[in-house]
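structure_12.txt (compact mmCIF, C-alpha atoms and all ligand atoms)
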# COMPACT_ATOMS: atom_id res chain seq x y z
CA MET A 1 50.56 115.76 -119.96
CA SER A 2 49.86 113.92 -116.70
CA LEU A 3 51.96 110.84 -116.02
CA ALA A 4 48.86 108.62 -116.28
CA HIS A 5 48.02 110.09 -119.68
CA LEU A 6 51.60 109.84 -120.86
CA ILE A 7 51.74 106.15 -119.91
CA ARG A 8 48.35 105.37 -121.43
CA SER A 9 48.98 107.16 -124.72
CA ARG A 10 52.52 105.86 -125.38
CA ARG A 11 52.52 103.66 -128.48
CA SER A 12 54.96 101.72 -130.59
CA VAL A 13 55.49 103.91 -133.63
CA HIS A 14 57.30 102.04 -136.40
CA PRO A 15 59.87 103.54 -138.79
CA PRO A 16 57.62 103.56 -141.92
CA ALA A 17 55.50 106.17 -140.08
CA TYR A 18 58.44 108.49 -139.38
CA ASN A 19 58.84 111.78 -141.22
CA ASN A 20 62.16 113.47 -141.90
CA LYS A 21 62.06 116.02 -139.10
CA PRO A 22 65.40 115.93 -137.31
CA ILE A 23 65.58 115.14 -133.60
CA ALA A 24 67.61 117.75 -131.72
CA ALA A 25 70.76 116.52 -130.01
CA GLU A 26 69.64 118.06 -126.72
CA ASP A 27 66.39 116.09 -126.87
CA ILE A 28 68.34 112.86 -127.25
CA THR A 29 70.46 113.84 -124.26
CA ALA A 30 67.36 114.62 -122.17
CA ILE A 31 65.81 111.28 -123.15
CA LEU A 32 68.97 109.37 -122.19
CA GLU A 33 69.10 111.35 -118.96
CA ALA A 34 65.63 110.02 -118.10
CA ALA A 35 66.79 106.50 -118.94
CA ARG A 36 69.75 106.53 -116.58
CA TRP A 37 67.54 107.35 -113.59
CA ALA A 38 65.79 103.99 -113.72
CA PRO A 39 65.91 101.85 -110.59
CA THR A 40 68.82 99.43 -110.38
CA HIS A 41 69.41 96.71 -107.78
CA LYS A 42 72.81 97.15 -106.09
CA LYS A 43 73.24 100.15 -108.36
CA THR A 44 74.93 98.05 -111.01
CA GLN A 45 73.43 100.47 -113.59
CA PRO A 46 73.62 97.84 -116.34
CA TRP A 47 72.23 100.02 -119.14
CA ARG A 48 74.53 101.00 -121.95
CA PHE A 49 73.35 102.92 -125.01
CA VAL A 50 74.84 103.46 -128.44
CA VAL A 51 73.27 106.38 -130.31
CA ILE A 52 73.33 105.83 -134.05
CA ARG A 53 72.44 108.84 -136.18
CA SER A 54 73.33 110.71 -139.36
CA ASP A 55 75.59 108.70 -141.67
CA ALA A 56 76.01 105.92 -139.11
CA ARG A 57 72.43 104.80 -139.85
CA ALA A 58 73.53 103.45 -143.23
CA ARG A 59 76.34 101.54 -141.51
CA LEU A 60 73.79 100.11 -139.04
CA ALA A 61 71.55 99.05 -141.94
CA ASP A 62 74.53 97.31 -143.56
CA ALA A 63 75.51 95.59 -140.31
CA ILE A 64 71.94 94.36 -139.80
CA GLY A 65 71.68 93.18 -143.40
CA GLU A 66 74.97 91.31 -143.16
CA ALA A 67 74.04 89.72 -139.82
CA TYR A 68 70.68 88.64 -141.21
CA THR A 69 72.20 87.16 -144.37
CA ALA A 70 74.89 85.32 -142.42
CA HIS A 71 72.67 83.87 -139.71
CA THR A 72 69.19 83.31 -141.10
CA GLU A 73 68.17 79.82 -142.11
CA LYS A 74 65.45 80.96 -144.50
CA PHE A 75 66.52 84.14 -146.27
CA SER A 76 63.65 86.44 -147.21
CA GLU A 77 64.18 89.54 -149.33
CA ILE A 78 61.17 91.17 -147.63
CA THR A 79 62.61 90.66 -144.14
CA PHE A 80 66.05 91.80 -145.33
CA ASP A 81 64.59 95.03 -146.74
CA LYS A 82 62.39 95.58 -143.68
CA LEU A 83 65.24 95.16 -141.22
CA ARG A 84 67.49 97.50 -143.20
CA GLY A 85 64.61 99.93 -143.79
CA ASN A 86 64.04 100.34 -140.04
CA ALA A 87 67.56 101.69 -139.65
CA LEU A 88 67.39 103.88 -142.75
CA LYS A 89 63.96 105.39 -142.03
CA SER A 90 64.70 106.31 -138.40
CA GLN A 91 66.08 109.66 -137.43
CA VAL A 92 67.95 108.04 -134.58
CA ALA A 93 68.45 104.46 -133.44
CA ILE A 94 69.56 103.74 -129.91
CA ALA A 95 71.08 100.32 -129.32
CA ILE A 96 69.84 99.09 -125.96
CA CYS A 97 72.65 97.21 -124.32
CA MET A 98 73.20 95.50 -121.01
CA GLN A 99 76.45 95.27 -119.15
CA ARG A 100 76.57 92.22 -116.94
CA ASP A 101 78.04 92.95 -113.53
CA PRO A 102 81.50 91.29 -113.66
CA LYS A 103 81.08 90.23 -110.01
CA GLU A 104 77.70 88.65 -110.87
CA SER A 105 76.41 90.13 -107.65
CA LEU A 106 72.84 89.61 -108.81
CA PRO A 107 71.03 87.35 -111.27
CA GLU A 108 71.12 88.38 -114.91
CA TRP A 109 67.34 88.78 -115.03
CA GLU A 110 67.57 91.65 -112.56
CA GLU A 111 69.96 93.46 -114.88
CA ILE A 112 67.73 92.81 -117.88
CA ALA A 113 64.78 94.09 -115.84
CA ALA A 114 66.71 97.25 -114.92
CA VAL A 115 67.49 97.86 -118.59
CA GLY A 116 63.78 97.35 -119.36
CA MET A 117 62.92 100.01 -116.79
CA ALA A 118 65.45 102.37 -118.38
CA VAL A 119 63.82 101.77 -121.75
CA GLN A 120 60.39 102.61 -120.33
CA ASN A 121 61.81 105.91 -119.06
CA LEU A 122 63.39 106.53 -122.43
CA TRP A 123 60.19 105.68 -124.26
CA LEU A 124 58.00 107.90 -122.07
CA ALA A 125 60.49 110.78 -122.30
CA SER A 126 60.45 110.43 -126.10
CA HIS A 127 56.65 110.32 -126.16
CA GLU A 128 56.45 113.44 -124.01
CA LYS A 129 58.41 115.20 -126.77
CA ASN A 130 56.07 113.73 -129.45
CA ILE A 131 58.90 111.56 -130.74
CA GLY A 132 57.70 108.14 -131.82
CA GLY A 133 59.67 105.10 -130.76
CA TYR A 134 59.70 101.36 -131.09
CA TRP A 135 61.76 98.61 -129.44
CA SER A 136 62.93 96.20 -132.10
CA SER A 137 64.40 92.87 -131.01
CA PRO A 138 64.99 90.69 -134.08
CA GLY A 139 67.37 87.73 -133.82
CA VAL A 140 70.11 89.67 -135.59
CA ILE A 141 70.74 91.83 -132.53
CA ALA A 142 72.75 88.92 -131.09
CA HIS A 143 75.25 89.46 -133.92
CA LEU A 144 75.69 93.23 -133.74
CA GLY A 145 78.46 93.11 -131.12
CA PRO A 146 81.28 93.92 -133.57
CA PHE A 147 79.36 96.82 -135.14
CA LEU A 148 78.42 98.22 -131.73
CA GLN A 149 81.93 97.57 -130.40
CA LEU A 150 80.49 95.78 -127.39
CA GLU A 151 82.77 94.41 -124.72
CA GLU A 152 82.74 90.77 -123.68
CA ASN A 153 80.31 91.24 -120.80
CA GLN A 154 77.93 93.42 -122.81
CA ARG A 155 74.93 92.31 -124.81
CA CYS A 156 72.54 94.05 -127.20
CA LEU A 157 68.88 93.70 -126.13
CA GLY A 158 67.39 95.61 -129.01
CA LEU A 159 67.30 98.74 -131.10
CA PHE A 160 65.09 101.62 -130.11
CA TYR A 161 64.12 103.36 -133.33
CA MET A 162 62.99 106.96 -133.13
CA GLY A 163 61.38 109.57 -135.33
CA TYR A 164 58.72 112.25 -135.48
CA TYR A 165 55.51 111.16 -137.21
CA ASP A 166 52.44 112.76 -138.78
CA GLU A 167 49.64 110.24 -138.38
CA ALA A 168 48.36 109.16 -134.99
CA PRO A 169 49.44 105.56 -134.34
CA ARG A 170 46.77 102.89 -134.01
CA ASP A 171 45.48 102.31 -130.50
CA SER A 172 46.63 99.34 -128.48
CA GLU A 173 44.93 96.94 -126.13
CA ARG A 174 45.67 95.33 -122.81
CA LEU A 175 43.99 92.63 -120.76
CA PRO A 176 41.49 94.07 -118.28
CA LEU A 177 42.77 94.52 -114.75
CA ASP A 178 40.57 91.79 -113.31
CA GLU A 179 42.33 89.24 -115.51
CA VAL A 180 45.78 90.15 -114.29
CA VAL A 181 45.27 91.14 -110.65
CA ARG A 182 44.25 89.17 -107.59
CA TYR A 183 43.63 90.82 -104.25
CA PHE A 184 44.35 89.13 -100.91
CA GLU A 185 42.68 90.80 -97.97
CA HIS A 186 42.25 88.07 -95.37
C1 LIG B 1 61.31 93.77 -124.86
C2 LIG B 1 60.45 94.19 -126.01
C3 LIG B 1 60.79 93.79 -127.30
C4 LIG B 1 60.01 94.15 -128.40
N1 LIG B 1 60.38 93.75 -129.67
C5 LIG B 1 59.58 94.03 -130.70
C6 LIG B 1 59.91 93.59 -132.02
O1 LIG B 1 60.96 92.96 -132.26
N2 LIG B 1 59.04 93.88 -133.03
C7 LIG B 1 57.89 94.58 -132.80
O2 LIG B 1 57.12 94.81 -133.75
N3 LIG B 1 57.58 95.06 -131.58
C8 LIG B 1 58.39 94.80 -130.53
N4 LIG B 1 58.08 95.29 -129.30
C9 LIG B 1 56.94 96.23 -129.14
C10 LIG B 1 55.66 95.49 -128.86
O3 LIG B 1 55.27 94.75 -129.98
C11 LIG B 1 54.59 96.53 -128.47
O4 LIG B 1 54.98 97.17 -127.29
C12 LIG B 1 53.22 95.88 -128.30
O5 LIG B 1 52.72 95.46 -129.53
C13 LIG B 1 52.21 96.83 -127.68
O6 LIG B 1 52.04 97.97 -128.47
P1 LIG B 1 52.28 99.44 -127.87
O7 LIG B 1 53.76 99.55 -127.52
O8 LIG B 1 51.91 100.38 -128.98
O9 LIG B 1 51.41 99.60 -126.67
C14 LIG B 1 58.85 94.95 -128.19
C15 LIG B 1 58.50 95.35 -126.89
C16 LIG B 1 59.29 94.98 -125.82
C17 LIG B 1 58.89 95.44 -124.42
Kindly transcribe the structure held in the file into structure tokens.
Amino acid sequence: MSLAHLIRSRRSVHPPAYNNKPIAAEDITAILEAARWAPTHKKTQPWRFVVIRSDARARLADAIGEAYTAHTEKFSEITFDKLRGNALKSQVAIAICMQRDPKESLPEWEEIAAVGMAVQNLWLASHEKNIGGYWSSPGVIAHLGPFLQLEENQRCLGLFYMGYYDEAPRDSERLPLDEVVRYFEH
């Protein structure tokens, strides 16, 4: 697949669409390898990943359910089941975390941006292997620190759920280029 095609055909594939085909450990390693080669200002390399698989998925589902119950203002059984179901239906979940440079040598947004670039690498590398993925960022991620054993200067920016799938995901849309680009030539 050409890079242009890979980028254009990448989609968010949600856990209900995943089948039970296991993801090989070496594929996860290769995907994380792609992630760690993202650009990083001052080489702070702020990305940190926690790979949650096998039995740990049930523990993740419990941690998410507990965080949701403890912190939501309007509890909804549907949301509770959906949040837990994402963890249970995925073959692998990768917690996307950011480590803030202790010296604060650059603004936090640059570290968040670097993590975002790592996730794009990770997402494209997954897609190249026909593994579906989806970046989930519900409010509960702010409360997963104890489960993820995050350090004080680390923060969870989301969960990247992964699984093989059978049905082609729906297509997606973007604004046309002329709405998002301006050229200056003189
Ligand atoms: C930082 C970030 C956070 C996201 N969080 C969520 C989320 O919590 N729930 C969700 O359904 N999609 C989430 N997404 C995925 C977007 O909804 C998705 O990329 C968008 O709908 C475009 O679809 P596509 O990825 O298939 O092109 C997130 C994407 C990014 C970049």
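Taking CA of Glu26 (chain A) and CA of Met98 (chain A) as the two end points, the separation is 23.5 Å.
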Which chains and residue numbers are within 6 Å of ligand LIG 1 (chain B), counting only C-alpha atoms and all ligand atoms, if I want them as a PDB file with C-alpha atoms, in the frame of the given file?
ATOM      1  CA  ARG A  11      52.520 103.660-128.480  1.00  0.00           C
ATOM      2  CA  SER A  12      54.960 101.720-130.590  1.00  0.00           C
ATOM      3  CA  TRP A 135      61.760  98.610-129.440  1.00  0.00           C
ATOM      4  CA  SER A 136      62.930  96.200-132.100  1.00  0.00           C
ATOM      5  CA  SER A 137      64.400  92.870-131.010  1.00  0.00           C
ATOM      6  CA  PRO A 138      64.990  90.690-134.080  1.00  0.00           C
ATOM      7  CA  SER A 172      46.630  99.340-128.480  1.00  0.00           C
TER       8      SER A 172
END
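Residue neighbourhood of Arg48 (chain A), excluding near-sequence residues (fewer than 6 positions): Ala35, Arg36, Ile94, Ala95, Ile96, Cys97, Met98, Gln99, Val115, Ala118, Leu150, Gln154, Arg155 and Cys156 of chain A, at 10 Å, using only C-alpha atoms.
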Measuring between all atoms listed in the file, which one of A:Ser9, A:Lys42, A:Asp27, A:Ala17 shows the shortest distance to Glu110 (chain A)?
A:Lys42
One decimal, Å: what's the distance from CA of Leu88 (chain A) over to CA of Asn121 (chain A), could you say?
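Straight-line distance from CA of Leu88 (chain A) to CA of Asn121 (chain A) works out to 24.4 Å.
Closest approach to Gly132 (chain A) from the set A:Leu106, A:Ala87, A:Val92, A:Ala61 is made by A:Val92, with distances taken over all atoms listed in the file.
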Computed interatomic separation between CA of Asp55 (chain A) and CA of Leu159 (chain A) (Å)
16.7 Å
Box dimensions and centre (Å, one decimal) enclosing region 145-162 of chain A, axis-aligned, 5 Å extra per side, as JSON:
{"center_x": 72.9, "center_y": 98.9, "center_z": -128.0, "size_x": 29.8, "size_y": 26.2, "size_z": 24.3}
A:Pro46, A:Gly163, A:Pro16, A:Gly65: which is nearest Trp123 (chain A), counting only C-alpha atoms?
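Going through A:Pro46, A:Gly163, A:Pro16, A:Gly65 one by one, the smallest distance to Trp123 (chain A) is for A:Gly163.
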As a CSV table (one decimal), in the coordinates of the input, could you write out region 110-121 of chain A once it has been completed with N, CA and C atoms?
chain,number,residue,atom,x,y,z
A,110,GLU,N,67.8,90.4,-113.2
A,110,GLU,CA,67.6,91.6,-112.6
A,110,GLU,C,68.2,92.8,-113.4
A,111,GLU,N,69.3,92.4,-114.0
A,111,GLU,CA,70.0,93.5,-114.9
A,111,GLU,C,69.2,93.7,-116.2
A,112,ILE,N,68.6,92.6,-116.7
A,112,ILE,CA,67.7,92.8,-117.9
A,112,ILE,C,66.5,93.6,-117.5
A,113,ALA,N,66.0,93.3,-116.3
A,113,ALA,CA,64.8,94.1,-115.8
A,113,ALA,C,65.1,95.6,-115.7
A,114,ALA,N,66.3,95.9,-115.1
A,114,ALA,CA,66.7,97.2,-114.9
A,114,ALA,C,66.8,98.0,-116.3
A,115,VAL,N,67.4,97.3,-117.3
A,115,VAL,CA,67.5,97.9,-118.6
A,115,VAL,C,66.1,98.1,-119.2
A,116,GLY,N,65.2,97.2,-118.9
A,116,GLY,CA,63.8,97.4,-119.4
A,116,GLY,C,63.2,98.6,-118.7
A,117,MET,N,63.5,98.8,-117.5
A,117,MET,CA,62.9,100.0,-116.8
A,117,MET,C,63.5,101.3,-117.4
A,118,ALA,N,64.8,101.2,-117.7
A,118,ALA,CA,65.4,102.4,-118.4
A,118,ALA,C,64.8,102.6,-119.7
A,119,VAL,N,64.4,101.6,-120.4
A,119,VAL,CA,63.8,101.8,-121.8
A,119,VAL,C,62.4,102.4,-121.6
A,120,GLN,N,61.7,102.0,-120.5
A,120,GLN,CA,60.4,102.6,-120.3
A,120,GLN,C,60.6,104.1,-120.1
A,121,ASN,N,61.5,104.5,-119.3
A,121,ASN,CA,61.8,105.9,-119.1
A,121,ASN,C,62.1,106.6,-120.4
